[in-house]
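Below is query.txt, holding compact mmCIF, N, CA and C atoms.
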# COMPACT_ATOMS: atom_id res chain seq x y z
N MET A 1 0.21 7.52 -27.40
CA MET A 1 -0.21 8.84 -27.82
C MET A 1 -0.08 8.94 -29.34
N HIS A 2 -1.02 9.60 -29.94
CA HIS A 2 -0.98 9.80 -31.38
C HIS A 2 -0.29 11.13 -31.70
N ILE A 3 0.26 11.23 -32.88
CA ILE A 3 0.97 12.44 -33.30
C ILE A 3 0.07 13.66 -33.26
N GLU A 4 -1.19 13.51 -33.60
CA GLU A 4 -2.11 14.66 -33.59
C GLU A 4 -2.37 15.16 -32.17
N GLN A 5 -2.43 14.24 -31.19
CA GLN A 5 -2.58 14.65 -29.80
C GLN A 5 -1.39 15.50 -29.37
N LEU A 6 -0.22 15.04 -29.74
CA LEU A 6 1.01 15.73 -29.41
C LEU A 6 1.06 17.11 -30.06
N ARG A 7 0.73 17.16 -31.35
CA ARG A 7 0.74 18.43 -32.08
C ARG A 7 -0.27 19.40 -31.48
N GLU A 8 -1.48 18.93 -31.21
CA GLU A 8 -2.52 19.79 -30.65
C GLU A 8 -2.10 20.35 -29.29
N TYR A 9 -1.47 19.52 -28.48
CA TYR A 9 -1.05 19.98 -27.16
C TYR A 9 -0.02 21.09 -27.28
N CYS A 10 0.93 20.92 -28.16
CA CYS A 10 1.99 21.92 -28.34
C CYS A 10 1.46 23.20 -28.96
N ILE A 11 0.67 23.09 -30.00
CA ILE A 11 0.23 24.26 -30.76
C ILE A 11 -0.76 25.12 -29.97
N ARG A 12 -1.45 24.54 -28.98
CA ARG A 12 -2.41 25.29 -28.17
C ARG A 12 -1.74 26.24 -27.18
N LYS A 13 -0.47 26.05 -26.96
CA LYS A 13 0.23 26.89 -25.99
C LYS A 13 0.38 28.32 -26.52
N LYS A 14 0.37 29.24 -25.62
CA LYS A 14 0.43 30.66 -25.97
C LYS A 14 1.72 31.00 -26.72
N GLY A 15 1.57 31.68 -27.87
CA GLY A 15 2.72 32.17 -28.62
C GLY A 15 3.43 31.12 -29.45
N VAL A 16 2.84 29.93 -29.59
CA VAL A 16 3.51 28.82 -30.28
C VAL A 16 3.18 28.81 -31.77
N THR A 17 4.23 28.55 -32.55
CA THR A 17 4.10 28.36 -34.00
C THR A 17 4.81 27.07 -34.36
N GLU A 18 4.45 26.51 -35.51
CA GLU A 18 5.11 25.28 -35.96
C GLU A 18 5.83 25.56 -37.27
N HIS A 19 6.99 24.90 -37.44
CA HIS A 19 7.86 25.17 -38.58
C HIS A 19 8.55 23.89 -39.04
N PHE A 20 9.13 23.96 -40.22
CA PHE A 20 10.00 22.92 -40.75
C PHE A 20 11.31 23.59 -41.17
N PRO A 21 12.10 24.10 -40.22
CA PRO A 21 13.29 24.87 -40.57
C PRO A 21 14.47 24.05 -41.10
N PHE A 22 14.51 22.77 -40.77
CA PHE A 22 15.67 21.95 -41.15
C PHE A 22 15.43 21.15 -42.42
N ASP A 23 14.25 20.58 -42.52
CA ASP A 23 13.88 19.74 -43.66
C ASP A 23 12.37 19.57 -43.63
N GLU A 24 11.84 18.77 -44.54
CA GLU A 24 10.39 18.61 -44.60
C GLU A 24 9.85 17.53 -43.66
N VAL A 25 10.72 16.90 -42.87
CA VAL A 25 10.26 15.83 -41.97
C VAL A 25 10.52 16.11 -40.49
N THR A 26 11.10 17.25 -40.16
CA THR A 26 11.35 17.57 -38.76
C THR A 26 10.45 18.74 -38.36
N LEU A 27 9.41 18.42 -37.61
CA LEU A 27 8.45 19.42 -37.16
C LEU A 27 8.98 20.08 -35.89
N VAL A 28 9.07 21.41 -35.93
CA VAL A 28 9.62 22.17 -34.81
C VAL A 28 8.55 23.10 -34.26
N PHE A 29 8.38 23.06 -32.95
CA PHE A 29 7.48 23.98 -32.27
C PHE A 29 8.32 25.05 -31.59
N LYS A 30 7.92 26.30 -31.81
CA LYS A 30 8.65 27.43 -31.24
C LYS A 30 7.68 28.31 -30.46
N VAL A 31 8.19 28.88 -29.38
CA VAL A 31 7.46 29.91 -28.66
C VAL A 31 8.25 31.20 -28.86
N MET A 32 7.59 32.19 -29.44
CA MET A 32 8.20 33.48 -29.73
C MET A 32 9.52 33.31 -30.50
N GLY A 33 9.52 32.35 -31.43
CA GLY A 33 10.67 32.13 -32.29
C GLY A 33 11.77 31.26 -31.73
N LYS A 34 11.57 30.71 -30.53
CA LYS A 34 12.59 29.86 -29.89
C LYS A 34 12.07 28.43 -29.77
N MET A 35 12.89 27.47 -30.17
CA MET A 35 12.49 26.06 -30.17
C MET A 35 12.28 25.52 -28.75
N PHE A 36 11.20 24.73 -28.61
CA PHE A 36 11.02 24.01 -27.35
C PHE A 36 10.68 22.53 -27.59
N ALA A 37 10.33 22.15 -28.82
CA ALA A 37 10.01 20.75 -29.11
C ALA A 37 10.26 20.45 -30.59
N LEU A 38 10.79 19.26 -30.85
CA LEU A 38 11.04 18.80 -32.21
C LEU A 38 10.57 17.37 -32.35
N ILE A 39 9.94 17.08 -33.48
CA ILE A 39 9.47 15.72 -33.76
C ILE A 39 9.91 15.32 -35.16
N GLY A 40 10.60 14.19 -35.26
CA GLY A 40 10.98 13.63 -36.55
C GLY A 40 9.79 12.85 -37.11
N LEU A 41 9.07 13.44 -38.05
CA LEU A 41 7.85 12.81 -38.55
C LEU A 41 8.11 11.50 -39.29
N GLU A 42 9.18 11.44 -40.05
CA GLU A 42 9.52 10.20 -40.76
C GLU A 42 9.84 9.09 -39.77
N ARG A 43 10.60 9.44 -38.74
CA ARG A 43 10.94 8.46 -37.71
C ARG A 43 9.67 8.02 -36.98
N TRP A 44 8.78 8.99 -36.71
CA TRP A 44 7.52 8.68 -36.02
C TRP A 44 6.73 7.66 -36.83
N GLU A 45 6.61 7.91 -38.13
CA GLU A 45 5.87 7.00 -39.01
C GLU A 45 6.48 5.61 -39.06
N ASN A 46 7.78 5.54 -38.79
CA ASN A 46 8.48 4.25 -38.78
C ASN A 46 8.48 3.60 -37.38
N GLY A 47 7.67 4.14 -36.48
CA GLY A 47 7.53 3.53 -35.16
C GLY A 47 8.39 4.12 -34.07
N GLU A 48 9.24 5.08 -34.38
CA GLU A 48 10.08 5.72 -33.37
C GLU A 48 9.35 6.96 -32.86
N THR A 49 8.42 6.73 -31.94
CA THR A 49 7.55 7.80 -31.45
C THR A 49 8.26 8.61 -30.36
N SER A 50 9.07 9.55 -30.79
CA SER A 50 9.84 10.34 -29.84
C SER A 50 9.74 11.83 -30.14
N ILE A 51 10.06 12.60 -29.12
CA ILE A 51 10.06 14.05 -29.20
C ILE A 51 11.29 14.57 -28.47
N ASN A 52 11.93 15.58 -29.03
CA ASN A 52 13.05 16.23 -28.36
C ASN A 52 12.52 17.43 -27.59
N LEU A 53 12.89 17.50 -26.31
CA LEU A 53 12.41 18.56 -25.43
C LEU A 53 13.56 19.17 -24.64
N LYS A 54 13.51 20.46 -24.48
CA LYS A 54 14.49 21.15 -23.66
C LYS A 54 14.25 20.75 -22.20
N CYS A 55 15.32 20.70 -21.41
CA CYS A 55 15.19 20.28 -20.02
C CYS A 55 16.28 20.92 -19.18
N ASP A 56 15.95 21.25 -17.96
CA ASP A 56 16.95 21.72 -17.01
C ASP A 56 18.04 20.65 -16.91
N PRO A 57 19.33 21.02 -17.00
CA PRO A 57 20.40 20.01 -17.04
C PRO A 57 20.38 19.00 -15.88
N GLU A 58 20.14 19.45 -14.65
CA GLU A 58 20.11 18.51 -13.52
C GLU A 58 18.92 17.57 -13.62
N ARG A 59 17.78 18.14 -13.98
CA ARG A 59 16.58 17.30 -14.12
C ARG A 59 16.74 16.32 -15.27
N ALA A 60 17.42 16.75 -16.33
CA ALA A 60 17.64 15.87 -17.48
C ALA A 60 18.38 14.61 -17.04
N LEU A 61 19.41 14.78 -16.23
CA LEU A 61 20.18 13.62 -15.74
C LEU A 61 19.31 12.71 -14.87
N GLU A 62 18.50 13.31 -14.01
CA GLU A 62 17.62 12.53 -13.14
C GLU A 62 16.62 11.72 -13.96
N LEU A 63 16.03 12.37 -14.98
CA LEU A 63 15.04 11.69 -15.82
C LEU A 63 15.67 10.54 -16.59
N ARG A 64 16.88 10.75 -17.09
CA ARG A 64 17.57 9.69 -17.85
C ARG A 64 17.87 8.50 -16.96
N ALA A 65 18.15 8.75 -15.68
CA ALA A 65 18.42 7.66 -14.74
C ALA A 65 17.14 6.91 -14.37
N GLU A 66 16.04 7.65 -14.32
CA GLU A 66 14.77 7.06 -13.87
C GLU A 66 14.00 6.36 -14.98
N PHE A 67 14.06 6.88 -16.21
CA PHE A 67 13.24 6.36 -17.30
C PHE A 67 14.10 5.83 -18.44
N GLU A 68 13.82 4.63 -18.84
CA GLU A 68 14.50 4.03 -19.99
C GLU A 68 14.22 4.81 -21.27
N SER A 69 13.07 5.44 -21.34
CA SER A 69 12.63 6.15 -22.54
C SER A 69 13.10 7.60 -22.62
N VAL A 70 13.90 8.04 -21.66
CA VAL A 70 14.44 9.41 -21.70
C VAL A 70 15.95 9.29 -21.91
N ASN A 71 16.41 9.88 -23.02
CA ASN A 71 17.82 9.79 -23.39
C ASN A 71 18.34 11.16 -23.79
N PRO A 72 19.68 11.30 -23.85
CA PRO A 72 20.23 12.59 -24.30
C PRO A 72 19.66 12.96 -25.67
N GLY A 73 19.46 14.24 -25.89
CA GLY A 73 18.82 14.74 -27.10
C GLY A 73 19.50 14.29 -28.38
N TYR A 74 18.73 13.68 -29.25
CA TYR A 74 19.21 13.21 -30.56
C TYR A 74 19.49 14.43 -31.43
N HIS A 75 20.73 14.56 -31.88
CA HIS A 75 21.17 15.70 -32.71
C HIS A 75 20.99 17.05 -32.01
N MET A 76 21.06 17.06 -30.69
CA MET A 76 20.87 18.28 -29.91
C MET A 76 21.96 18.36 -28.84
N SER A 77 22.01 19.49 -28.15
CA SER A 77 22.91 19.62 -27.00
C SER A 77 22.49 18.58 -25.96
N LYS A 78 23.39 17.67 -25.64
CA LYS A 78 23.07 16.58 -24.70
C LYS A 78 22.84 17.11 -23.29
N LYS A 79 23.36 18.30 -23.01
CA LYS A 79 23.21 18.88 -21.68
C LYS A 79 21.80 19.47 -21.48
N HIS A 80 21.25 20.08 -22.51
CA HIS A 80 20.01 20.82 -22.37
C HIS A 80 18.79 20.18 -23.02
N TRP A 81 18.96 19.08 -23.73
CA TRP A 81 17.84 18.46 -24.46
C TRP A 81 17.77 16.97 -24.19
N ASN A 82 16.54 16.47 -24.10
CA ASN A 82 16.28 15.04 -23.98
C ASN A 82 15.46 14.59 -25.18
N THR A 83 15.68 13.36 -25.58
CA THR A 83 14.78 12.69 -26.51
C THR A 83 13.91 11.76 -25.67
N VAL A 84 12.61 12.00 -25.73
CA VAL A 84 11.67 11.22 -24.93
C VAL A 84 10.88 10.32 -25.87
N THR A 85 11.04 9.01 -25.69
CA THR A 85 10.27 8.05 -26.49
C THR A 85 8.94 7.84 -25.80
N LEU A 86 7.87 8.08 -26.54
CA LEU A 86 6.53 8.00 -25.99
C LEU A 86 5.97 6.59 -26.13
N ASN A 87 4.88 6.35 -25.43
CA ASN A 87 4.17 5.07 -25.49
C ASN A 87 4.99 3.91 -24.91
N ASN A 88 5.95 4.22 -24.04
CA ASN A 88 6.73 3.20 -23.34
C ASN A 88 6.56 3.41 -21.84
N ASP A 89 7.65 3.68 -21.13
CA ASP A 89 7.55 3.86 -19.68
C ASP A 89 7.26 5.30 -19.27
N VAL A 90 7.04 6.18 -20.23
CA VAL A 90 6.65 7.56 -19.96
C VAL A 90 5.16 7.69 -20.30
N SER A 91 4.35 7.98 -19.29
CA SER A 91 2.90 8.11 -19.52
C SER A 91 2.61 9.35 -20.35
N ASP A 92 1.44 9.38 -20.95
CA ASP A 92 1.04 10.56 -21.72
C ASP A 92 1.01 11.79 -20.82
N ASP A 93 0.46 11.66 -19.63
CA ASP A 93 0.38 12.80 -18.71
C ASP A 93 1.77 13.32 -18.36
N PHE A 94 2.71 12.40 -18.12
CA PHE A 94 4.06 12.84 -17.79
C PHE A 94 4.73 13.46 -19.01
N ALA A 95 4.46 12.94 -20.20
CA ALA A 95 5.00 13.54 -21.42
C ALA A 95 4.50 14.98 -21.55
N PHE A 96 3.23 15.21 -21.25
CA PHE A 96 2.70 16.57 -21.29
C PHE A 96 3.40 17.47 -20.27
N GLU A 97 3.71 16.91 -19.09
CA GLU A 97 4.46 17.67 -18.08
C GLU A 97 5.84 18.05 -18.60
N LEU A 98 6.49 17.13 -19.31
CA LEU A 98 7.82 17.41 -19.86
C LEU A 98 7.75 18.46 -20.96
N ILE A 99 6.68 18.44 -21.75
CA ILE A 99 6.46 19.48 -22.77
C ILE A 99 6.28 20.83 -22.08
N ASP A 100 5.48 20.84 -21.01
CA ASP A 100 5.27 22.08 -20.26
C ASP A 100 6.59 22.61 -19.71
N HIS A 101 7.40 21.73 -19.17
CA HIS A 101 8.70 22.12 -18.62
C HIS A 101 9.58 22.73 -19.71
N SER A 102 9.62 22.13 -20.87
CA SER A 102 10.41 22.64 -21.98
C SER A 102 9.92 24.03 -22.38
N TYR A 103 8.62 24.16 -22.55
CA TYR A 103 8.01 25.44 -22.93
C TYR A 103 8.36 26.51 -21.89
N GLU A 104 8.17 26.19 -20.62
CA GLU A 104 8.43 27.15 -19.55
C GLU A 104 9.90 27.56 -19.47
N LEU A 105 10.81 26.61 -19.71
CA LEU A 105 12.23 26.95 -19.74
C LEU A 105 12.54 27.96 -20.84
N VAL A 106 11.97 27.73 -22.00
CA VAL A 106 12.22 28.63 -23.12
C VAL A 106 11.61 30.01 -22.84
N VAL A 107 10.40 30.03 -22.32
CA VAL A 107 9.75 31.31 -21.99
C VAL A 107 10.58 32.07 -20.95
N LYS A 108 11.08 31.35 -19.96
CA LYS A 108 11.89 31.95 -18.91
C LYS A 108 13.15 32.63 -19.49
N GLY A 109 13.69 32.05 -20.57
CA GLY A 109 14.90 32.58 -21.17
C GLY A 109 14.67 33.66 -22.22
N LEU A 110 13.41 33.99 -22.50
CA LEU A 110 13.11 35.03 -23.48
C LEU A 110 13.55 36.40 -22.97
N THR A 111 13.79 37.29 -23.91
CA THR A 111 14.11 38.67 -23.54
C THR A 111 12.88 39.31 -22.90
N LYS A 112 13.11 40.38 -22.18
CA LYS A 112 12.00 41.10 -21.54
C LYS A 112 10.98 41.54 -22.60
N LYS A 113 11.46 42.01 -23.72
CA LYS A 113 10.58 42.46 -24.80
C LYS A 113 9.70 41.32 -25.31
N LEU A 114 10.30 40.15 -25.55
CA LEU A 114 9.54 39.01 -26.04
C LEU A 114 8.54 38.51 -25.00
N LYS A 115 8.93 38.56 -23.72
CA LYS A 115 8.00 38.15 -22.65
C LYS A 115 6.78 39.07 -22.63
N GLU A 116 7.01 40.37 -22.81
CA GLU A 116 5.90 41.32 -22.85
C GLU A 116 4.99 41.05 -24.05
N GLU A 117 5.59 40.76 -25.21
CA GLU A 117 4.81 40.44 -26.40
C GLU A 117 3.97 39.19 -26.16
N LEU A 118 4.57 38.18 -25.52
CA LEU A 118 3.86 36.94 -25.24
C LEU A 118 2.66 37.20 -24.32
N LYS A 119 2.84 38.05 -23.33
CA LYS A 119 1.75 38.36 -22.40
C LYS A 119 0.57 38.99 -23.14
N SER A 120 0.87 39.75 -24.18
CA SER A 120 -0.20 40.47 -24.88
C SER A 120 -0.91 39.63 -25.94
N ILE A 121 -0.47 38.40 -26.14
CA ILE A 121 -1.10 37.53 -27.14
C ILE A 121 -2.39 36.96 -26.59
Output the file's structure in the form of structure tokens.
Amino acid sequence: MHIEQLREYCIRKKGVTEHFPFDEVTLVFKVMGKMFALIGLERWENGETSINLKCDPERALELRAEFESVNPGYHMSKKHWNTVTLNNDVSDDFAFELIDHSYELVVKGLTKKLKEELKSI
């Protein structure tokens, strides 16, 4: 998967914005101001094609056991985030499913007010 495919998939989601809140090389996708995906662009350019995604804690453990390319979140809460290395044993379609799962988890945790705002977008 190319970085632009990944970016386009994330940015097309309802209520999503992209930011560089930490530095100029960490691209963060947020839904209604809450992070659901992070990509280290410098690392990506150096061949480390990975994305950090929020994940249900039980599912995170299952995925880590099943896929060599799914590991505890790099520089994130290891309980709630996975680092998924793309272009290995995780297919593009499955990576998109994991992005959807992350997005949906964050949307589920939004306040009632933010959920209403998202619906109206």
With 7 Å as the cut-off and only N, CA and C atoms counted, what is the closest atom pair between each nearby residue of range 8-95 of chain A and range 108-121 of chain A? Distances in Å to one decimal, ordered by chain and number, as CSV.
residue,atom,partner,partner_atom,distance
A:Lys14,C,A:Leu118,CA,6.5
A:Gly15,CA,A:Leu118,CA,6.0
A:Met32,CA,A:Leu114,CA,6.8
At a cut-off of 12 Å around the point (23.2, 15.2, -22.8) (file coordinates), what residues fall inside when counting only C-alpha atoms? I'd like the answer as a PDB file with N, CA and C atoms, keeping the file's coordinate frame.
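Contents of the output file out.pdb:
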ATOM      1  N   ASN A  52      11.930  15.580 -29.030  1.00  0.00           N
ATOM      2  CA  ASN A  52      13.050  16.230 -28.360  1.00  0.00           C
ATOM      3  C   ASN A  52      12.520  17.430 -27.590  1.00  0.00           C
ATOM      4  N   LEU A  53      12.890  17.500 -26.310  1.00  0.00           N
ATOM      5  CA  LEU A  53      12.410  18.560 -25.430  1.00  0.00           C
ATOM      6  C   LEU A  53      13.560  19.170 -24.640  1.00  0.00           C
ATOM      7  N   LYS A  54      13.510  20.460 -24.480  1.00  0.00           N
ATOM      8  CA  LYS A  54      14.490  21.150 -23.660  1.00  0.00           C
ATOM      9  C   LYS A  54      14.250  20.750 -22.200  1.00  0.00           C
ATOM     10  N   CYS A  55      15.320  20.700 -21.410  1.00  0.00           N
ATOM     11  CA  CYS A  55      15.190  20.280 -20.020  1.00  0.00           C
ATOM     12  C   CYS A  55      16.280  20.920 -19.180  1.00  0.00           C
ATOM     13  N   ASP A  56      15.950  21.250 -17.960  1.00  0.00           N
ATOM     14  CA  ASP A  56      16.950  21.720 -17.010  1.00  0.00           C
ATOM     15  C   ASP A  56      18.040  20.650 -16.910  1.00  0.00           C
ATOM     16  N   PRO A  57      19.330  21.020 -17.000  1.00  0.00           N
ATOM     17  CA  PRO A  57      20.400  20.010 -17.040  1.00  0.00           C
ATOM     18  C   PRO A  57      20.380  19.000 -15.880  1.00  0.00           C
ATOM     19  N   GLU A  58      20.140  19.450 -14.650  1.00  0.00           N
ATOM     20  CA  GLU A  58      20.110  18.510 -13.520  1.00  0.00           C
ATOM     21  C   GLU A  58      18.920  17.570 -13.620  1.00  0.00           C
ATOM     22  N   ARG A  59      17.780  18.140 -13.980  1.00  0.00           N
ATOM     23  CA  ARG A  59      16.580  17.300 -14.120  1.00  0.00           C
ATOM     24  C   ARG A  59      16.740  16.320 -15.270  1.00  0.00           C
ATOM     25  N   ALA A  60      17.420  16.750 -16.330  1.00  0.00           N
ATOM     26  CA  ALA A  60      17.640  15.870 -17.480  1.00  0.00           C
ATOM     27  C   ALA A  60      18.380  14.610 -17.040  1.00  0.00           C
ATOM     28  N   LEU A  61      19.410  14.780 -16.230  1.00  0.00           N
ATOM     29  CA  LEU A  61      20.180  13.620 -15.740  1.00  0.00           C
ATOM     30  C   LEU A  61      19.310  12.710 -14.870  1.00  0.00           C
ATOM     31  N   GLU A  62      18.500  13.310 -14.010  1.00  0.00           N
ATOM     32  CA  GLU A  62      17.620  12.530 -13.140  1.00  0.00           C
ATOM     33  C   GLU A  62      16.620  11.720 -13.960  1.00  0.00           C
ATOM     34  N   LEU A  63      16.030  12.370 -14.980  1.00  0.00           N
ATOM     35  CA  LEU A  63      15.040  11.690 -15.820  1.00  0.00           C
ATOM     36  C   LEU A  63      15.670  10.540 -16.590  1.00  0.00           C
ATOM     37  N   ARG A  64      16.880  10.750 -17.090  1.00  0.00           N
ATOM     38  CA  ARG A  64      17.570   9.690 -17.850  1.00  0.00           C
ATOM     39  C   ARG A  64      17.870   8.500 -16.960  1.00  0.00           C
ATOM     40  N   VAL A  70      13.900   8.040 -21.660  1.00  0.00           N
ATOM     41  CA  VAL A  70      14.440   9.410 -21.700  1.00  0.00           C
ATOM     42  C   VAL A  70      15.950   9.290 -21.910  1.00  0.00           C
ATOM     43  N   ASN A  71      16.410   9.880 -23.020  1.00  0.00           N
ATOM     44  CA  ASN A  71      17.820   9.790 -23.390  1.00  0.00           C
ATOM     45  C   ASN A  71      18.340  11.160 -23.790  1.00  0.00           C
ATOM     46  N   PRO A  72      19.680  11.300 -23.850  1.00  0.00           N
ATOM     47  CA  PRO A  72      20.230  12.590 -24.300  1.00  0.00           C
ATOM     48  C   PRO A  72      19.660  12.960 -25.670  1.00  0.00           C
ATOM     49  N   GLY A  73      19.460  14.240 -25.890  1.00  0.00           N
ATOM     50  CA  GLY A  73      18.820  14.740 -27.100  1.00  0.00           C
ATOM     51  C   GLY A  73      19.500  14.290 -28.380  1.00  0.00           C
ATOM     52  N   TYR A  74      18.730  13.680 -29.250  1.00  0.00           N
ATOM     53  CA  TYR A  74      19.210  13.210 -30.560  1.00  0.00           C
ATOM     54  C   TYR A  74      19.490  14.430 -31.430  1.00  0.00           C
ATOM     55  N   HIS A  75      20.730  14.560 -31.880  1.00  0.00           N
ATOM     56  CA  HIS A  75      21.170  15.700 -32.710  1.00  0.00           C
ATOM     57  C   HIS A  75      20.990  17.050 -32.010  1.00  0.00           C
ATOM     58  N   MET A  76      21.060  17.060 -30.690  1.00  0.00           N
ATOM     59  CA  MET A  76      20.870  18.280 -29.910  1.00  0.00           C
ATOM     60  C   MET A  76      21.960  18.360 -28.840  1.00  0.00           C
ATOM     61  N   SER A  77      22.010  19.490 -28.150  1.00  0.00           N
ATOM     62  CA  SER A  77      22.910  19.620 -27.000  1.00  0.00           C
ATOM     63  C   SER A  77      22.490  18.580 -25.960  1.00  0.00           C
ATOM     64  N   LYS A  78      23.390  17.670 -25.640  1.00  0.00           N
ATOM     65  CA  LYS A  78      23.070  16.580 -24.700  1.00  0.00           C
ATOM     66  C   LYS A  78      22.840  17.110 -23.290  1.00  0.00           C
ATOM     67  N   LYS A  79      23.360  18.300 -23.010  1.00  0.00           N
ATOM     68  CA  LYS A  79      23.210  18.880 -21.680  1.00  0.00           C
ATOM     69  C   LYS A  79      21.800  19.470 -21.480  1.00  0.00           C
ATOM     70  N   HIS A  80      21.250  20.080 -22.510  1.00  0.00           N
ATOM     71  CA  HIS A  80      20.010  20.820 -22.370  1.00  0.00           C
ATOM     72  C   HIS A  80      18.790  20.180 -23.020  1.00  0.00           C
ATOM     73  N   TRP A  81      18.960  19.080 -23.730  1.00  0.00           N
ATOM     74  CA  TRP A  81      17.840  18.460 -24.460  1.00  0.00           C
ATOM     75  C   TRP A  81      17.770  16.970 -24.190  1.00  0.00           C
ATOM     76  N   ASN A  82      16.540  16.470 -24.100  1.00  0.00           N
ATOM     77  CA  ASN A  82      16.280  15.040 -23.980  1.00  0.00           C
ATOM     78  C   ASN A  82      15.460  14.590 -25.180  1.00  0.00           C
ATOM     79  N   THR A  83      15.680  13.360 -25.580  1.00  0.00           N
ATOM     80  CA  THR A  83      14.780  12.690 -26.510  1.00  0.00           C
ATOM     81  C   THR A  83      13.910  11.760 -25.670  1.00  0.00           C
TER      82      THR A  83
END
Pick out the closest residue to Cys10 in chain A from this set: A:Glu66, A:Val107, A:Ile99, A:Glu45. Count only C-alpha atoms.
->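 Nearest candidate to Cys10 in chain A out of A:Glu66, A:Val107, A:Ile99, A:Glu45: A:Ile99.
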message = Just checking: using only N, CA and C atoms, which residue out of A:Phe36, A:Phe22, A:Asn88, A:Ser69 ends up closest to Glu104 in chain A?
response =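 Ranked by minimum distance to Glu104 in chain A, first place goes to A:Phe36.
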Could you tell me, as number ranges by chain, which residues of chain A DSSP assigns to strand (DSSP E or B) when given the backbone?
A: 16-19, 26-31, 34-40, 50-54, 70-72, 81-85
List every residue of chain A that DSSP, applied to the backbone of this structure, places in alpha helix (DSSP H), and write the result as an MDAnalysis selection string. chainID A and resid 3:11 41:45 57:66 92:108 112:119
Q | Separation of atom C of Lys30 in chain A from CA of Thr17 in chain A, in Å and rounded to one decimal | A |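 So the answer is 5.0 Å.
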Min atom-atom distance to Asn87 in chain A from the set A:Ile11, A:Ser50, A:Leu105, A:Ala37, counting all atoms listed in the file, belongs to A:Ser50
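The smallest atom-to-atom distance between Glu48 in chain A and any of A:Leu98, A:Ala65, A:Val16, A:Leu86, using only C-alpha atoms, is found for A:Leu86.
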Å distance separating CA of Asp89 in chain A from CA of Gly47 in chain A, one decimal place
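Distance between the two atoms: 15.5 Å.
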Students should find that atom N of Leu6 in chain A and CA of Phe96 in chain A are spaced 9.1 Å
